[in-house]
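Visitor: Please find one structure pasted underneath; my questions will follow.
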Amino acid sequence: MSISSLLTTAIAKRQKMFVPECIAKTDCFRVFHGTVEGVDGLTIDRYGSTWLVQSFHQRLEESVLMEISDILSQHTLLPIIYNDRSSRHSRVLNALDENLSDDAETEQHIRENGIVFTSKLRHVGQDPWLFLDMRIGREFVKANSTNKTVLNLFSYTCGIGTAAAVGGAKRVVNVDFSSFALEAGKTNAKLNDVVSQCEFIQSDVFPAIRQLGGLKVTARGNKKLPDYPKLSATQFDLVFLDPPRFAKSPFGTVDLINDYQSLFKPAMLATKKGGMIVCCNNVAKVDKNNWFASLVRCVEKQGRSVGKHTWLTPHDDFPSFDGNHPLKIVALEII
């Protein structure tokens with residue numbers, strides 16, 4: 001089947017998202033989820049006043065990109081940014097002409113459920129400033145943050161933290177190592193008039209969460225500890241843990257397949273009794289039930305227990321083959 005037919009079918013399935021009153025509240029969503037909808041490694045998103053086309057396995061042929069552009073332009077005439085991310089490290093490889101480069105590299109404001117976020121489709125990092133499949137997480141946090149303290153780990157541009165503050169959280173602490181991501185997070189707080197509730201800590205997450213959880217900070221491989229912000233042990237009503245798949249730092253290794261517990265344990269210890277920790281794992285091959293069982297075991301080893309739990313599934317613009325989405329999100333009540 002041609003890309004034109006596949007994309008036309010995908011847009012038809014999402015037609016309700018294009019209704020003007022819906023666009024007024026949420027103008028950023030996935031239009032084509034290629035892995036499930038017919039072209040592996042191809043994604044097409046709407047980010048506010050721009051279409052974003054990205055290919056992750058191989059560069060799109062010019063004829064295919066033209067077909068995509070024709071369908072998108074017939075539907076809604078917006079600038080179309082193409083990011084070729086087919087390299088091993090997912091870096092953007094292709095240049096854009098001057099006009100499109102301005103569209104890609106200039107901040108714009110996008111909306112999700114009425115919350116305003118700053119957006120930039122090309123910048124010093126790799127990904128757009130808002131992960132659209134995490135909309136369900138932001139909705140959940142917004143709905144469960146009233147008068148609560150919230151810790152947002154691996155906060156990136158603080159979408160979760162912003163949603164918590166808009167939802168009425170009395171204190172939101174965002175932790176990330178990236179200064180540019182936290183600057184975008186500060187902009188998000190200003191755009192939504194929640195600056196007073198939000199704090200931003202630039203730090204490797206390992207020393208931050210171990211201090212907050214009341215544990216000693218250690219170095220990977222027993223090497224000399226680099227400098228890091230000093231924090232006091234603190235427990236929060238709601239903790240959000242969304243680590244990358246794999247990363248190494250002087251303080252430890254993030255490994256969502258083999259060692260989720262090295263992050264989960266201190267994050268859980270920083271969760272109040274009766275509080276909630278929301279855990280995310282975006283590795284497709286990690287079994288949902290085995291991962292959940294490992295979280296429960298980790299909680300019980302610390303002499304605590306899991307009360308009720310809630311699974312959060314990404315919205316329909318991110319379909320899966322069998323209902324088991326690669327992004328797994330579960331909210332655990334810690335007793």
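Scheme for the structure tokens: letters A, B, ... for chains in order shown; per-chain residue numbers from 1; ligand numbers from 1 in order shown.
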Where does DSSP see alpha helix (DSSP H) in range 27-84 of chain A, if you list the residues as a VMD selection string?

Guide: chain A and resid 34 to 37 62 to 75

Visitor: List the neighbours of range 176-181 of chain A out to 10 Å using only C-alpha atoms; skip same-chain residues closer than 2 positions along the sequence, and give me the result as a VMD selection string.

Guide: chain A and resid 123 to 125 129 152 to 158 174 183 to 187 200 to 205 208

Visitor: Hey, which of A:Pro326, A:Gly48, A:Gly167, A:Pro319 ends up closest to Ala10 in chain A? Count only C-alpha atoms.

Guide: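 Looking only at the distances to Ala10 in chain A, the closest residue turns out to be A:Pro319.
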
Visitor: Residues near Thr118 in chain A, anyone? I mean within 7 Å using only C-alpha atoms, not counting same-chain ones fewer than 3 positions away, as a list in words.

Guide: Glu107, Gln108, His109, Ile110, Ala184, Thr187 and Asn188 of chain A

Visitor: I'd like the contact shell of Ile136 in chain A - 7 Å cut-off, only C-alpha atoms, skipping same-chain residues fewer than 2 positions apart - returned as a PyMOL selection string.

Guide: chain A and resi 134+138-140+312-315

Visitor: Env of Val296 in chain A: 12 Å cut, atoms = only C-alpha atoms, seq-sep filter 5 positions within chain, self excluded. Answer as an MDAnalysis selection string.

Guide: chainID A and resid 261 264:265 268 277 279 289:291 301:309 330:335

Visitor: A:Asn94, A:Ser119, A:Gln54, A:Thr76: which is nearest His33 in chain A, counting only C-alpha atoms?

Guide: A:Gln54

Visitor: For a test of reading the model, state the distance in Å between CA of Val36 in chain A and CA of Thr8 in chain A, rounded to one decimal.

Guide: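 CA of Thr8 in chain A lies at a distance of 14.6 Å from CA of Val36 in chain A.
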
Visitor: In Å to one decimal, how far is CA of Gln126 in chain A from CA of Leu52 in chain A?

Guide: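 Result for CA of Leu52 in chain A versus CA of Gln126 in chain A: 13.4 Å, one decimal.
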
Visitor: Using only C-alpha atoms, can you tell me which of A:Thr9, A:Ser145, A:Thr50, A:Ser55 comes closest to Ile81 in chain A?

Guide: A:Thr50

Visitor: Can you list, as a VMD selection string, every residue of range 43-181 of chain A that DSSP puts in strand (DSSP E)?

Guide: chain A and resid 43 to 47 50 to 55 80 to 84 108 to 112 115 to 119 149 to 153 171 to 176

Visitor: Closest to Tyr260 in chain A among A:Leu238, A:Ala12, A:Leu212, A:Leu295, using only C-alpha atoms?

Guide: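 Distance minimum relative to Tyr260 in chain A lands on A:Leu295.
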